[in-house]
Amino acid sequence: MSMPTGGRSPAFYTVPEAAAVLRVDAKTIYRAIREDAFPAVRVRSRYVIPAKAVEALAQAAAESGGVVDVARLAAERRMTRQIERASGASW
């Protein structure tokens with residue numbers, strides 16, 4: 001897949017690009033985004049995926065030598081947010 005980035009890595013992937021990198025269907029990525037189980041940035045009606053997020057998932061899988069469950073990571077992230085809201089912590 002060729003991406004016009006001037007020889008440098010992209011900061012963001014489109015959903016189809018991220019799906020191609022991860023070797024999954026774009027519908028899988030969209031579903032995960034809607035379920036808050038995959039990192040994305042929404043710009044109006046479009047989503048882009050931070051390249052660092054895809055790299056971090058790959059790195060976590062490589063370092064652990066096992067499966068990285070994005071849904072579990074998202075659940076942990078949601079729980080952390082709920083705890084912060086309940087405790088009155090702000091960003």
# chains A, B, ... in the order shown; residues from 1 in each chain; ligands from 1
>>> select_by_dssp(residues="chain A", states="strand (DSSP E or B)", output="list in words")
Phe12, Tyr13, Thr14, Val41, Arg42, Val43, Arg46, Tyr47, Val48, Ile49 and Pro50 of chain A
>>> write_last_selection(atoms="N, CA and C atoms", output="PDB file, in the first residue's frame")
ATOM      1  N   PHE A  12      -1.317   9.276  10.987  1.00  0.00           N
ATOM      2  CA  PHE A  12      -2.620   8.646  11.079  1.00  0.00           C
ATOM      3  C   PHE A  12      -2.835   7.726   9.886  1.00  0.00           C
ATOM      4  N   TYR A  13      -3.654   6.719  10.110  1.00  0.00           N
ATOM      5  CA  TYR A  13      -4.117   5.853   9.029  1.00  0.00           C
ATOM      6  C   TYR A  13      -5.604   6.084   8.843  1.00  0.00           C
ATOM      7  N   THR A  14      -6.071   5.927   7.623  1.00  0.00           N
ATOM      8  CA  THR A  14      -7.508   5.845   7.432  1.00  0.00           C
ATOM      9  C   THR A  14      -7.932   4.489   7.982  1.00  0.00           C
ATOM     10  N   VAL A  41      -9.627   8.937  16.097  1.00  0.00           N
ATOM     11  CA  VAL A  41      -9.934  10.356  16.157  1.00  0.00           C
ATOM     12  C   VAL A  41     -11.064  10.585  15.169  1.00  0.00           C
ATOM     13  N   ARG A  42     -12.125  11.221  15.636  1.00  0.00           N
ATOM     14  CA  ARG A  42     -13.247  11.504  14.747  1.00  0.00           C
ATOM     15  C   ARG A  42     -13.139  12.943  14.262  1.00  0.00           C
ATOM     16  N   VAL A  43     -13.156  13.103  12.950  1.00  0.00           N
ATOM     17  CA  VAL A  43     -13.158  14.416  12.321  1.00  0.00           C
ATOM     18  C   VAL A  43     -14.437  14.479  11.489  1.00  0.00           C
ATOM     19  N   ARG A  46     -15.751  11.276   9.719  1.00  0.00           N
ATOM     20  CA  ARG A  46     -14.676  10.343   9.373  1.00  0.00           C
ATOM     21  C   ARG A  46     -13.822  10.021  10.588  1.00  0.00           C
ATOM     22  N   TYR A  47     -13.283   8.826  10.572  1.00  0.00           N
ATOM     23  CA  TYR A  47     -12.367   8.401  11.621  1.00  0.00           C
ATOM     24  C   TYR A  47     -10.984   8.220  11.030  1.00  0.00           C
ATOM     25  N   VAL A  48      -9.973   8.570  11.821  1.00  0.00           N
ATOM     26  CA  VAL A  48      -8.591   8.233  11.494  1.00  0.00           C
ATOM     27  C   VAL A  48      -7.994   7.543  12.710  1.00  0.00           C
ATOM     28  N   ILE A  49      -7.044   6.689  12.443  1.00  0.00           N
ATOM     29  CA  ILE A  49      -6.427   5.877  13.488  1.00  0.00           C
ATOM     30  C   ILE A  49      -5.008   6.375  13.714  1.00  0.00           C
ATOM     31  N   PRO A  50      -4.643   6.742  14.940  1.00  0.00           N
ATOM     32  CA  PRO A  50      -3.261   7.150  15.191  1.00  0.00           C
ATOM     33  C   PRO A  50      -2.305   5.993  14.869  1.00  0.00           C
TER      34      PRO A  50
END
>>> atom_distance(atom1="atom CA of Ala37 of chain A", atom2="atom CA of Pro10 of chain A")
22.0 Å
>>> atom_distance(atom1="atom CA of Phe38 of chain A", atom2="atom CA of Ala71 of chain A")
7.5 Å
>>> closest_residue(among="A:Ala56, A:Ala40, A:Ala86, A:Ala51", to="Arg8 of chain A", atoms="only C-alpha atoms")
A:Ala51
>>> select_by_dssp(residues="segment 57-86 of chain A", states="helix (DSSP H, G or I)", output="MDAnalysis selection string")
chainID A and resid 57:64 70:86
>>> write_last_selection(atoms="C-alpha atoms", output="PDB file, in the first residue's frame")
ATOM      1  CA  LEU A  57      -0.621  -2.764  19.763  1.00  0.00           C
ATOM      2  CA  ALA A  58       1.967  -4.560  17.630  1.00  0.00           C
ATOM      3  CA  GLN A  59       4.702  -3.773  20.166  1.00  0.00           C
ATOM      4  CA  ALA A  60       2.583  -5.036  23.067  1.00  0.00           C
ATOM      5  CA  ALA A  61       1.911  -8.296  21.231  1.00  0.00           C
ATOM      6  CA  ALA A  62       5.593  -8.717  20.369  1.00  0.00           C
ATOM      7  CA  GLU A  63       6.761  -7.978  23.925  1.00  0.00           C
ATOM      8  CA  SER A  64       4.184 -10.178  25.615  1.00  0.00           C
ATOM      9  CA  VAL A  70      -8.059  -4.641  22.365  1.00  0.00           C
ATOM     10  CA  ALA A  71     -11.512  -5.076  23.923  1.00  0.00           C
ATOM     11  CA  ARG A  72      -9.919  -5.777  27.324  1.00  0.00           C
ATOM     12  CA  LEU A  73      -7.681  -2.720  26.997  1.00  0.00           C
ATOM     13  CA  ALA A  74     -10.719  -0.612  26.135  1.00  0.00           C
ATOM     14  CA  ALA A  75     -12.644  -1.978  29.129  1.00  0.00           C
ATOM     15  CA  GLU A  76      -9.738  -1.063  31.397  1.00  0.00           C
ATOM     16  CA  ARG A  77      -9.631   2.419  29.850  1.00  0.00           C
ATOM     17  CA  ARG A  78     -13.387   2.884  30.401  1.00  0.00           C
ATOM     18  CA  MET A  79     -13.059   1.718  34.010  1.00  0.00           C
ATOM     19  CA  THR A  80     -10.228   4.193  34.611  1.00  0.00           C
ATOM     20  CA  ARG A  81     -12.334   7.018  33.171  1.00  0.00           C
ATOM     21  CA  GLN A  82     -15.287   6.069  35.358  1.00  0.00           C
ATOM     22  CA  ILE A  83     -13.105   6.026  38.461  1.00  0.00           C
ATOM     23  CA  GLU A  84     -11.645   9.426  37.551  1.00  0.00           C
ATOM     24  CA  ARG A  85     -15.126  10.890  37.031  1.00  0.00           C
ATOM     25  CA  ALA A  86     -16.377   9.429  40.308  1.00  0.00           C
TER      26      ALA A  86
END
>>> atom_distance(atom1="atom CA of Asp36 of chain A", atom2="atom CA of Val24 of chain A")
17.3 Å
>>> residues_around(residues="Thr28 of chain A", least_positions_apart="6", cutoff="12 Å", atoms="only C-alpha atoms", output="list in words")
Val15, Pro16, Ala18, Ala19, Ala20, Leu22, Arg34, Glu35, Ala37, Phe38 and Val70 of chain A
